[in-house]
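Q: Contents of target32.txt (compact mmCIF, C-alpha atoms):
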# COMPACT_ATOMS: atom_id res chain seq x y z
CA MET A 254 2.93 24.10 -50.02
CA LYS A 255 3.30 25.39 -46.45
CA THR A 256 1.63 28.70 -45.73
CA LYS A 257 2.90 31.21 -43.17
CA ALA A 258 -0.05 30.27 -40.96
CA THR A 259 0.93 26.57 -41.08
CA ILE A 260 4.53 27.41 -40.22
CA PHE A 261 3.34 29.59 -37.32
CA PHE A 262 0.80 27.19 -35.84
CA LEU A 263 2.72 23.90 -36.28
CA PRO A 264 5.15 24.57 -33.40
CA LEU A 265 2.20 25.59 -31.19
CA LEU A 266 0.38 22.37 -32.09
CA LEU A 267 3.43 20.27 -31.27
CA LEU A 268 3.83 22.07 -27.96
CA ALA A 269 0.15 21.44 -27.15
CA VAL A 270 0.49 17.74 -27.98
CA ALA A 271 3.62 17.47 -25.87
CA ALA A 272 1.93 19.25 -22.96
CA PHE A 273 -1.10 16.93 -23.22
CA ALA A 274 1.13 13.85 -23.26
CA ALA A 275 3.07 15.13 -20.28
CA VAL A 276 -0.02 15.19 -18.05
CA ASN A 277 -2.03 12.38 -19.68
CA PRO A 278 -0.08 9.11 -19.39
CA ARG A 279 -1.14 6.27 -21.65
CA GLN A 280 1.34 3.51 -20.89
CA ILE A 281 0.35 0.11 -22.21
CA TRP A 282 0.09 -2.46 -19.42
CA LYS A 283 0.17 -6.22 -19.87
CA LYS A 284 -1.56 -8.63 -17.49
CA GLN A 285 -0.33 -12.03 -16.37
CA TRP A 286 -2.62 -14.19 -14.27
CA ILE A 287 -0.63 -16.19 -11.72
CA THR A 288 -3.71 -17.99 -10.42
CA LYS A 289 -7.43 -17.26 -10.41
CA ASP A 290 -7.78 -19.00 -7.03
CA PHE A 291 -8.56 -16.89 -3.99
CA ILE A 292 -5.57 -17.59 -1.73
CA THR A 293 -4.59 -14.16 -0.36
CA GLU A 294 -5.51 -10.48 -0.12
CA GLY A 295 -1.90 -9.26 -0.28
CA VAL A 296 1.36 -10.21 -1.97
CA SER A 297 5.06 -9.51 -1.44
CA SER A 298 8.23 -10.12 -3.40
CA ALA A 299 11.88 -11.13 -2.97
CA ASP A 300 14.40 -13.54 -4.48
CA MET A 301 13.35 -16.52 -2.39
CA ASN A 302 15.63 -19.15 -4.00
CA GLY A 303 18.71 -17.03 -4.70
CA ASP A 304 18.62 -17.40 -8.49
CA GLY A 305 18.76 -13.67 -9.14
CA HIS A 306 15.09 -13.33 -10.11
CA ALA A 307 12.30 -11.71 -8.10
CA ASP A 308 9.71 -14.19 -6.86
CA LEU A 309 6.15 -13.53 -5.67
CA VAL A 310 4.73 -14.55 -2.28
CA ALA A 311 0.96 -15.11 -2.28
CA GLY A 312 -0.96 -17.00 0.39
CA HIS A 313 0.65 -20.36 1.12
CA PHE A 314 2.81 -20.31 -2.03
CA TRP A 315 5.72 -18.46 -3.47
CA PHE A 316 5.82 -18.32 -7.26
CA ALA A 317 9.23 -18.58 -8.91
CA GLY A 318 10.22 -15.71 -11.21
CA PRO A 319 10.75 -14.68 -13.88
CA ALA A 320 7.92 -16.84 -15.34
CA PHE A 321 5.90 -17.13 -12.08
CA THR A 322 4.42 -20.40 -13.31
CA ARG A 323 6.02 -22.69 -10.71
CA ALA A 324 4.35 -22.62 -7.28
CA GLU A 325 6.28 -23.67 -4.17
CA LYS A 326 4.23 -24.34 -1.03
CA PHE A 327 5.83 -23.09 2.21
CA ARG A 328 3.01 -23.56 4.76
CA PRO A 329 -0.40 -25.23 5.06
CA GLY A 330 -3.18 -23.45 3.19
CA LYS A 331 -6.14 -23.82 0.88
CA VAL A 332 -8.24 -22.11 -1.77
CA TYR A 333 -11.16 -20.10 -0.36
CA PRO A 334 -14.53 -19.22 -1.88
CA ILE A 335 -14.92 -15.49 -2.43
CA ALA A 336 -17.77 -15.34 0.09
CA GLU A 337 -15.20 -16.07 2.81
CA TYR A 338 -11.85 -14.55 3.88
CA VAL A 339 -8.28 -15.84 3.85
CA LYS A 340 -7.86 -15.31 7.56
CA GLU A 341 -4.17 -16.22 7.65
CA SER A 342 -3.03 -14.07 4.70
CA PHE A 343 -4.24 -10.47 4.62
CA LEU A 344 -0.79 -9.19 3.63
CA SER A 345 2.88 -10.14 3.95
CA TRP A 346 6.44 -8.80 3.98
CA THR A 347 9.69 -10.43 2.89
CA ARG A 348 12.81 -9.77 4.99
CA ASP A 349 15.92 -11.66 6.09
CA MET A 350 14.90 -12.05 9.72
CA ASN A 351 17.63 -14.43 10.93
CA ASP A 352 20.65 -13.00 9.03
CA ASP A 353 21.26 -16.10 6.91
CA GLN A 354 21.17 -14.15 3.62
CA ARG A 355 17.80 -15.67 2.66
CA PRO A 356 14.52 -13.71 2.66
CA ASP A 357 11.93 -14.97 5.12
CA ILE A 358 8.19 -14.29 5.13
CA VAL A 359 6.31 -12.27 7.74
CA MET A 360 2.59 -12.87 7.26
CA VAL A 361 -0.26 -10.83 8.71
CA GLY A 362 -3.48 -12.72 9.24
CA TRP A 363 -6.93 -11.69 10.37
CA PRO A 364 -7.20 -8.22 12.00
CA GLY A 365 -6.72 -8.56 15.74
CA LYS A 366 -5.06 -11.96 15.43
CA GLU A 367 -1.50 -13.25 15.07
CA ILE A 368 1.44 -12.41 12.82
CA MET A 369 3.58 -15.36 11.76
CA LEU A 370 7.23 -15.56 10.74
CA TYR A 371 8.24 -18.31 8.30
CA LEU A 372 11.98 -18.99 8.03
CA ASN A 373 13.35 -19.74 4.57
CA PRO A 374 15.11 -23.16 4.70
CA GLY A 375 16.92 -22.72 1.39
CA ALA A 376 17.00 -25.84 -0.73
CA LYS A 377 15.15 -27.97 1.83
CA SER A 378 11.62 -29.01 0.91
CA GLY A 379 8.52 -29.06 3.07
CA ASP A 380 6.80 -26.53 5.27
CA TRP A 381 9.00 -23.74 6.57
CA GLU A 382 9.76 -23.36 10.29
CA ALA A 383 7.00 -21.14 11.73
CA HIS A 384 7.06 -18.74 14.68
CA GLN A 385 4.23 -16.65 16.10
CA ILE A 386 5.93 -13.30 16.75
CA VAL A 387 2.75 -11.32 17.49
CA ALA A 388 -0.42 -12.62 19.14
CA GLU A 389 -2.62 -9.59 18.39
CA ALA A 390 -2.25 -7.08 15.55
CA ALA A 391 -5.35 -5.01 14.88
CA THR A 392 -6.12 -2.59 12.02
CA GLU A 393 -6.77 -3.87 8.52
CA SER A 394 -3.27 -3.06 7.23
CA PRO A 395 -0.39 -3.05 9.74
CA ILE A 396 2.85 -1.41 8.58
CA PHE A 397 6.45 -2.66 8.72
CA ALA A 398 8.88 0.24 9.12
CA ASP A 399 11.88 1.41 11.16
CA LEU A 400 9.86 3.72 13.35
CA ASN A 401 12.44 4.46 16.04
CA ARG A 402 15.59 4.60 13.84
CA ASP A 403 17.27 1.67 15.59
CA GLY A 404 18.11 -0.15 12.35
CA HIS A 405 15.36 -2.72 12.88
CA GLU A 406 11.84 -2.48 11.51
CA GLU A 407 8.88 -2.33 13.85
CA ILE A 408 5.31 -3.48 13.23
CA VAL A 409 2.87 -0.58 13.57
CA CYS A 410 -0.71 -1.56 14.39
CA MET A 411 -3.25 -1.51 17.23
CA VAL A 412 -3.54 -3.67 20.33
CA ARG A 413 -6.68 -3.57 22.50
CA GLY A 414 -7.71 -0.39 20.72
CA CYS A 415 -4.41 1.45 21.20
CA PHE A 416 -2.16 2.53 18.36
CA GLY A 417 1.48 1.59 18.82
CA TYR A 418 4.30 -0.59 17.62
CA TYR A 419 5.92 -3.97 18.18
CA GLU A 420 9.70 -4.22 18.60
CA CYS A 421 11.77 -7.35 18.07
CA ASP A 422 14.66 -8.70 20.09
CA PRO A 423 17.47 -8.00 17.58
CA THR A 424 19.37 -11.07 18.79
CA ASP A 425 16.45 -13.38 18.03
CA LYS A 426 13.56 -12.07 15.92
CA THR A 427 11.70 -15.37 16.27
CA LYS A 428 10.87 -14.52 19.91
CA PRO A 429 7.56 -12.77 20.70
CA TRP A 430 7.81 -9.06 19.96
CA LYS A 431 7.12 -6.35 22.57
CA PHE A 432 4.30 -3.83 22.09
CA THR A 433 4.47 -0.15 23.07
CA ALA A 434 1.26 1.90 22.92
CA VAL A 435 1.36 5.52 21.74
CA SER A 436 -2.32 6.32 22.35
CA GLU A 437 -5.16 5.58 24.68
CA SER A 438 -7.77 3.11 23.48
CA ARG A 439 -9.51 4.61 20.44
CA SER A 440 -11.67 1.73 19.23
CA LYS A 441 -13.24 -1.48 20.44
CA SER A 442 -13.01 -2.93 16.92
CA PRO A 443 -9.92 -4.65 15.47
CA TYR A 444 -11.07 -3.67 11.96
CA VAL A 445 -9.91 -0.06 12.01
CA HIS A 446 -9.02 1.21 8.51
CA GLY A 447 -6.33 3.74 7.61
CA LEU A 448 -2.72 3.74 8.81
CA GLY A 449 0.55 5.36 7.77
CA VAL A 450 4.08 6.09 8.99
CA GLY A 451 6.18 9.11 8.07
CA ASP A 452 7.66 12.40 9.27
CA ILE A 453 4.84 14.95 9.16
CA ASN A 454 6.33 17.84 11.15
CA GLY A 455 9.83 17.74 9.67
CA ASP A 456 11.71 16.91 12.87
CA GLY A 457 13.40 13.86 11.37
CA ARG A 458 11.30 11.41 13.38
CA ALA A 459 8.63 9.13 11.90
CA ASP A 460 5.10 9.84 13.11
CA ILE A 461 2.10 7.50 13.14
CA VAL A 462 -0.84 8.61 11.00
CA GLU A 463 -4.38 7.24 11.25
CA LYS A 464 -7.68 8.15 9.64
CA ASP A 465 -8.53 10.95 12.09
CA GLY A 466 -5.11 12.45 12.75
CA TRP A 467 -1.48 11.81 13.56
CA PHE A 468 0.70 11.15 16.57
CA ALA A 469 3.99 13.10 16.63
CA GLN A 470 6.92 11.01 17.82
CA PRO A 471 8.60 12.52 20.89
CA GLU A 472 12.27 13.41 20.99
CA LYS A 473 12.97 10.50 23.33
CA LEU A 474 11.13 7.18 23.47
CA PRO A 475 8.87 5.94 24.88
CA GLY A 476 7.64 9.46 25.74
CA VAL A 477 4.30 11.07 24.95
CA TRP A 478 3.17 11.13 21.33
CA GLN A 479 1.33 14.41 20.70
CA TRP A 480 -2.02 14.11 18.88
CA HIS A 481 -2.93 16.30 15.88
CA LYS A 482 -6.37 16.12 14.29
CA LEU A 483 -6.97 15.89 10.53
CA SER A 484 -9.81 17.89 9.03
CA GLU A 485 -11.59 15.57 6.60
CA PRO A 486 -14.18 13.18 8.11
CA SER A 487 -13.19 9.62 7.25
CA ASN A 488 -14.36 6.08 7.83
CA GLY A 489 -10.81 4.97 7.11
CA GLY A 490 -9.48 3.53 3.91
CA ALA A 491 -6.20 1.73 3.54
CA GLN A 492 -2.47 2.42 3.63
CA MET A 493 -1.97 6.18 4.13
CA LEU A 494 0.95 7.29 1.96
CA ILE A 495 3.41 9.79 3.46
CA HIS A 496 5.70 11.62 1.01
CA ASP A 497 6.57 15.09 -0.29
CA PHE A 498 4.21 14.70 -3.24
CA ASP A 499 4.20 18.38 -4.21
CA GLN A 500 8.00 18.65 -3.76
CA ASP A 501 7.89 21.75 -1.54
CA GLY A 502 10.09 20.34 1.22
CA ASP A 503 7.58 18.74 3.60
CA ASN A 504 5.65 15.48 3.62
CA ASP A 505 2.04 15.25 2.51
CA ILE A 506 -0.56 12.48 2.94
CA VAL A 507 -2.48 10.56 0.26
CA THR A 508 -5.39 8.53 1.59
CA SER A 509 -8.68 6.95 0.66
CA LEU A 510 -11.56 7.90 2.94
CA ASP A 511 -13.56 4.69 3.03
CA GLY A 512 -12.23 1.23 2.25
CA HIS A 513 -15.82 0.11 1.68
CA GLY A 514 -17.24 3.27 0.16
CA TYR A 515 -16.08 6.27 -1.85
CA GLY A 516 -13.53 9.04 -1.48
CA LEU A 517 -9.85 9.72 -2.19
CA GLY A 518 -7.66 12.75 -1.67
CA TRP A 519 -4.47 14.25 -0.34
CA TYR A 520 -3.47 16.50 2.52
CA GLU A 521 -1.06 19.27 1.57
CA ASN A 522 1.40 20.04 4.36
CA ALA A 523 1.43 23.81 4.97
CA GLY A 524 4.91 23.63 6.52
CA LYS A 525 6.56 24.33 9.86
CA GLU A 526 5.62 28.02 9.81
CA ARG A 527 1.97 26.92 10.00
CA ASP A 528 2.63 24.11 12.48
CA SER A 529 2.34 21.49 9.72
CA ALA A 530 -1.34 22.26 9.15
CA MET A 531 -2.78 19.78 6.64
CA VAL A 532 -4.96 21.19 3.84
CA TRP A 533 -7.36 18.72 2.19
CA HIS A 534 -7.62 18.35 -1.61
CA GLU A 535 -10.17 16.02 -3.18
CA ILE A 536 -9.15 13.52 -5.86
CA LEU A 537 -12.35 11.42 -5.96
CA PRO A 538 -15.52 12.57 -4.17
CA THR A 539 -17.36 10.71 -1.42
CA ASP A 540 -20.60 11.16 -3.36
CA ALA A 541 -21.04 8.13 -5.62
CA ALA A 542 -23.03 10.20 -8.13
CA LYS A 543 -20.16 12.61 -8.75
CA VAL A 544 -16.89 12.07 -10.59
CA GLY A 545 -13.38 13.16 -9.74
CA VAL A 546 -10.19 13.73 -11.68
CA GLY A 547 -10.25 12.38 -15.22
CA GLY A 548 -14.02 11.82 -14.96
CA LEU A 549 -13.31 8.80 -12.74
CA GLN A 550 -15.24 7.32 -9.83
CA PHE A 551 -15.04 3.95 -8.09
CA SER A 552 -15.46 2.56 -4.59
CA GLN A 553 -13.69 0.36 -2.01
CA LEU A 554 -10.18 1.81 -2.30
CA HIS A 555 -8.82 -0.64 0.26
CA ALA A 556 -5.13 -0.62 -0.71
CA LEU A 557 -2.62 2.00 -1.86
CA ALA A 558 1.07 1.84 -2.76
CA MET A 559 3.40 4.52 -4.06
CA VAL A 560 6.24 4.38 -6.58
CA ASP A 561 7.54 6.58 -9.40
CA PHE A 562 5.88 4.64 -12.23
CA ASP A 563 7.07 6.84 -15.09
CA ARG A 564 10.48 7.66 -13.53
CA ASP A 565 10.02 11.41 -13.83
CA GLY A 566 11.18 12.12 -10.28
CA ARG A 567 7.65 12.62 -8.91
CA MET A 568 6.02 9.99 -6.72
CA ASP A 569 2.87 8.34 -8.14
CA PHE A 570 0.56 5.80 -6.52
CA VAL A 571 -1.69 2.85 -7.39
CA THR A 572 -4.99 1.81 -5.88
CA GLY A 573 -8.21 0.11 -6.95
CA LYS A 574 -11.41 -1.60 -5.89
CA ARG A 575 -11.23 -4.39 -3.36
CA TYR A 576 -13.52 -6.76 -5.22
CA TRP A 577 -16.30 -8.45 -3.23
CA ALA A 578 -14.88 -7.25 0.10
CA HIS A 579 -18.21 -7.78 1.86
CA GLY A 580 -19.92 -9.56 -0.99
CA PRO A 581 -22.65 -7.45 -2.64
CA LYS A 582 -23.24 -5.33 0.48
CA ASP A 583 -20.80 -2.44 -0.14
CA PRO A 584 -21.55 0.63 -2.28
CA GLY A 585 -20.46 0.01 -5.86
CA SER A 586 -19.53 -3.60 -5.12
CA LEU A 587 -20.95 -4.83 -8.44
CA ASP A 588 -19.02 -2.26 -10.51
CA PRO A 589 -15.86 -3.31 -12.41
CA ALA A 590 -12.85 -4.15 -10.23
CA LEU A 591 -10.55 -1.39 -11.45
CA THR A 592 -6.83 -1.09 -10.80
CA VAL A 593 -5.77 2.54 -11.27
CA CYS A 594 -2.48 4.44 -11.36
CA PHE A 595 -2.53 8.09 -10.35
CA PHE A 596 0.35 9.97 -11.95
CA ASN A 597 1.80 12.98 -10.15
CA ARG A 598 2.10 16.00 -12.45
CA SER A 599 3.10 19.63 -11.96
CA VAL A 600 0.80 21.94 -13.93
CA ASN A 601 1.59 25.64 -13.63
CA GLY A 602 3.43 24.87 -10.42
CA ALA A 603 0.50 23.02 -8.83
CA LEU A 604 0.18 19.29 -8.19
CA GLN A 605 -2.30 17.55 -10.48
CA TRP A 606 -3.24 13.88 -10.25
CA VAL A 607 -3.80 12.18 -13.61
CA PRO A 608 -5.40 8.70 -13.44
CA GLN A 609 -4.96 5.78 -15.78
CA VAL A 610 -7.05 2.61 -15.47
CA ILE A 611 -4.49 -0.14 -15.97
CA ASP A 612 -6.86 -3.08 -15.41
CA GLU A 613 -10.65 -3.49 -15.34
CA ASP A 614 -10.92 -6.99 -13.89
CA GLY A 615 -8.73 -7.34 -10.83
CA GLY A 616 -8.78 -4.41 -8.47
CA VAL A 617 -6.72 -4.69 -5.28
CA GLY A 618 -6.86 -6.68 -2.07
CA CYS A 619 -6.04 -5.50 1.44
CA ASP A 620 -2.64 -4.61 0.01
CA VAL A 621 -1.13 -3.89 -3.40
CA LEU A 622 2.51 -4.22 -4.45
CA ALA A 623 4.32 -1.71 -6.68
CA THR A 624 7.85 -2.82 -7.58
CA ASP A 625 10.00 -3.93 -10.51
CA LEU A 626 9.17 -7.64 -10.75
CA ASN A 627 10.60 -8.39 -14.20
CA GLN A 628 13.76 -6.35 -13.60
CA ASP A 629 13.40 -4.17 -16.68
CA GLY A 630 13.85 -0.93 -14.75
CA LYS A 631 10.12 -0.08 -14.75
CA PRO A 632 7.85 -0.59 -11.71
CA ASP A 633 5.12 -3.19 -12.03
CA VAL A 634 1.97 -3.89 -10.00
CA ALA A 635 1.09 -7.17 -8.29
CA VAL A 636 -2.26 -7.96 -6.68
CA GLY A 637 -3.74 -10.70 -4.56
CA SER A 638 -7.51 -10.39 -4.30
CA LYS A 639 -10.72 -12.39 -4.53
CA LYS A 640 -10.18 -12.33 -8.29
CA GLY A 641 -6.94 -14.25 -7.79
CA VAL A 642 -3.27 -13.28 -8.12
CA PHE A 643 -1.97 -11.32 -11.10
CA ILE A 644 0.84 -9.06 -12.28
CA LEU A 645 0.55 -5.90 -14.39
CA THR A 646 3.72 -4.88 -16.25
CA GLN A 647 4.48 -1.76 -18.29
Written as structure tokens, how would this file's structure read?

A:
Amino acid sequence: MKTKATIFFLPLLLLAVAAFAAVNPRQIWKKQWITKDFITEGVSSADMNGDGHADLVAGHFWFAGPAFTRAEKFRPGKVYPIAEYVKESFLSWTRDMNDDQRPDIVMVGWPGKEIMLYLNPGAKSGDWEAHQIVAEAATESPIFADLNRDGHEEIVCMVRGCFGYYECDPTDKTKPWKFTAVSESRSKSPYVHGLGVGDINGDGRADIVEKDGWFAQPEKLPGVWQWHKLSEPSNGGAQMLIHDFDQDGDNDIVTSLDGHGYGLGWYENAGKERDSAMVWHEILPTDAAKVGVGGLQFSQLHALAMVDFDRDGRMDFVTGKRYWAHGPKDPGSLDPALTVCFFNRSVNGALQWVPQVIDEDGGVGCDVLATDLNQDGKPDVAVGSKKGVFILTQ
């Protein structure tokens, strides 16, 4: 028999459960190992053979979807021990670079070294035709984006310590690309961490963001890129994500603070009326002994990627530990290699990040891929790291 109290409290209980579920995602993720060999620290995806299925590019292979069990070699390569580095495959992008309706592979190697373009030959077997399009690309994670709105993507990185971008010859993208610097020399090291591209000040032009601040793109190029300092001290982490995460009309920044230590957070854009001042909010602390959102803490957040995982209209992101980046030398290097989704929630009108550990034995590499690999309408995660290559599907 239902009492009046039961009838009264039941709707409240259901509302509480619904509210908890709304901010505490518990999707079930399945893991598929592609290989446990260390062949790359970044993966990319496209339909390489034109069969309508997404394939996965990792190291010197592309793996044919939807099963990803057949490996096709497209360039020379080998398996590396985890004490070393895959110097020719830190990360990659797939694009049709010669307008033949087949995706090619642009591969970033060791920081400060070359970027190679491999042209997809279609049904022909053997190594793909290779072109060195960049001789020097520093920073740990260069970015491929249409920076100057010319319809062609540029490569954003550093050269001889200067931030800037490489442009292609649109008539022949296999030719060496031309570099334009936007800053004076800021480092003598090619291993600078932390880089992003996006419109910070709302003028419709993409800016270049690095660990210490951002360069505002001028109205006309080349021009002078105005420097703006960020507030939070940072050793530099990984890809810096630029998006209107709090949905208030201006772009914010999500970034890790140390690719080989601890710290994760986001900068809230205060808007044009405050000259796009960036207000720091902590997600995970820099102190290893403290925990952050969801009682979580882990180190070496060396790769980030954003996508709307739960398709609620709010942009989420994925990151994780770069396993064995410097062997046992880094803080927390012997802890589990977590891969973690951070879900973007609005709680009483404020942005709240809700983490879910989706894997405890993989982490991330120098890059992480978030896209729909099995074409079921739900974004997946793909990783190339010193653990190997694997896919996580919802």

Q: Residues near segment 554-559 of chain A, anyone? I mean within 9 Å using all atoms listed in the file, not counting same-chain ones fewer than 5 positions away, as a PyMOL selection string.

A: chain A and resi 394+446-447+490-494+507-517+568-575+578+616-623

Q: For atom CA of Val642 of chain A and atom CA of Glu382 of chain A, quote the distance in Å rounded to one decimal.

A: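 A separation of 24.7 Å between them.
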
Q: Kindly give the distance, in Å, that separates atom CA of His534 of chain A and atom CA of Gly518 of chain A, rounded to a single decimal.

A: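 The value is 5.6 Å.
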
Q: Mind listing as a PDB file with C-alpha atoms, in the frame of the given file all residues within 7 Å of (-2.8, 14.8, 14.3), counting only C-alpha atoms?

A:
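Once everything was written out, this is selection-v1.pdb:
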ATOM      1  CA  GLY A 466      -5.110  12.450  12.750  1.00  0.00           C
ATOM      2  CA  TRP A 467      -1.480  11.810  13.560  1.00  0.00           C
ATOM      3  CA  PHE A 468       0.700  11.150  16.570  1.00  0.00           C
ATOM      4  CA  TRP A 480      -2.020  14.110  18.880  1.00  0.00           C
ATOM      5  CA  HIS A 481      -2.930  16.300  15.880  1.00  0.00           C
ATOM      6  CA  LYS A 482      -6.370  16.120  14.290  1.00  0.00           C
ATOM      7  CA  LEU A 483      -6.970  15.890  10.530  1.00  0.00           C
TER       8      LEU A 483
END

Q: Quick one: pull the distance between atom CA of Val332 of chain A and atom CA of Pro364 of chain A, Å, one decimal.

A: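 Computing the Euclidean distance for atom CA of Val332 of chain A and atom CA of Pro364 of chain A yields 19.6 Å.
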
Q: Please complete segment 539-550 of chain A so it has N, CA, C and O atoms, and hand it over as a PDB file, keeping the file's coordinate frame.

A:
ATOM      1  N   THR A 539     -16.665  11.733  -2.230  1.00  0.00           N
ATOM      2  CA  THR A 539     -17.360  10.710  -1.420  1.00  0.00           C
ATOM      3  C   THR A 539     -18.765  10.452  -1.929  1.00  0.00           C
ATOM      4  O   THR A 539     -19.366   9.438  -1.563  1.00  0.00           O
ATOM      5  N   ASP A 540     -19.272  11.326  -2.763  1.00  0.00           N
ATOM      6  CA  ASP A 540     -20.600  11.160  -3.360  1.00  0.00           C
ATOM      7  C   ASP A 540     -20.480  10.251  -4.589  1.00  0.00           C
ATOM      8  O   ASP A 540     -19.809  10.582  -5.569  1.00  0.00           O
ATOM      9  N   ALA A 541     -21.134   9.107  -4.538  1.00  0.00           N
ATOM     10  CA  ALA A 541     -21.040   8.130  -5.620  1.00  0.00           C
ATOM     11  C   ALA A 541     -21.538   8.673  -6.946  1.00  0.00           C
ATOM     12  O   ALA A 541     -21.113   8.214  -8.018  1.00  0.00           O
ATOM     13  N   ALA A 542     -22.437   9.672  -6.900  1.00  0.00           N
ATOM     14  CA  ALA A 542     -23.030  10.200  -8.130  1.00  0.00           C
ATOM     15  C   ALA A 542     -22.135  11.214  -8.828  1.00  0.00           C
ATOM     16  O   ALA A 542     -22.418  11.618  -9.949  1.00  0.00           O
ATOM     17  N   LYS A 543     -21.065  11.621  -8.166  1.00  0.00           N
ATOM     18  CA  LYS A 543     -20.160  12.610  -8.750  1.00  0.00           C
ATOM     19  C   LYS A 543     -18.871  11.938  -9.201  1.00  0.00           C
ATOM     20  O   LYS A 543     -18.537  10.837  -8.751  1.00  0.00           O
ATOM     21  N   VAL A 544     -18.160  12.601 -10.108  1.00  0.00           N
ATOM     22  CA  VAL A 544     -16.890  12.070 -10.590  1.00  0.00           C
ATOM     23  C   VAL A 544     -15.755  12.974 -10.142  1.00  0.00           C
ATOM     24  O   VAL A 544     -15.960  14.155  -9.821  1.00  0.00           O
ATOM     25  N   GLY A 545     -14.558  12.410 -10.136  1.00  0.00           N
ATOM     26  CA  GLY A 545     -13.380  13.160  -9.740  1.00  0.00           C
ATOM     27  C   GLY A 545     -12.455  13.413 -10.908  1.00  0.00           C
ATOM     28  O   GLY A 545     -12.907  13.580 -12.046  1.00  0.00           O
ATOM     29  N   VAL A 546     -11.162  13.421 -10.644  1.00  0.00           N
ATOM     30  CA  VAL A 546     -10.190  13.730 -11.680  1.00  0.00           C
ATOM     31  C   VAL A 546     -10.317  12.735 -12.830  1.00  0.00           C
ATOM     32  O   VAL A 546     -10.589  11.544 -12.627  1.00  0.00           O
ATOM     33  N   GLY A 547     -10.154  13.235 -14.044  1.00  0.00           N
ATOM     34  CA  GLY A 547     -10.250  12.380 -15.220  1.00  0.00           C
ATOM     35  C   GLY A 547     -11.622  11.808 -15.459  1.00  0.00           C
ATOM     36  O   GLY A 547     -11.775  10.835 -16.209  1.00  0.00           O
ATOM     37  N   GLY A 548     -12.671  12.361 -14.812  1.00  0.00           N
ATOM     38  CA  GLY A 548     -14.020  11.820 -14.960  1.00  0.00           C
ATOM     39  C   GLY A 548     -14.185  10.460 -14.325  1.00  0.00           C
ATOM     40  O   GLY A 548     -15.074   9.687 -14.709  1.00  0.00           O
ATOM     41  N   LEU A 549     -13.363  10.148 -13.327  1.00  0.00           N
ATOM     42  CA  LEU A 549     -13.310   8.800 -12.740  1.00  0.00           C
ATOM     43  C   LEU A 549     -14.048   8.749 -11.415  1.00  0.00           C
ATOM     44  O   LEU A 549     -14.058   9.711 -10.657  1.00  0.00           O
ATOM     45  N   GLN A 550     -14.652   7.598 -11.125  1.00  0.00           N
ATOM     46  CA  GLN A 550     -15.240   7.320  -9.830  1.00  0.00           C
ATOM     47  C   GLN A 550     -15.322   5.816  -9.624  1.00  0.00           C
ATOM     48  O   GLN A 550     -15.709   5.072 -10.528  1.00  0.00           O
TER      49      GLN A 550
END
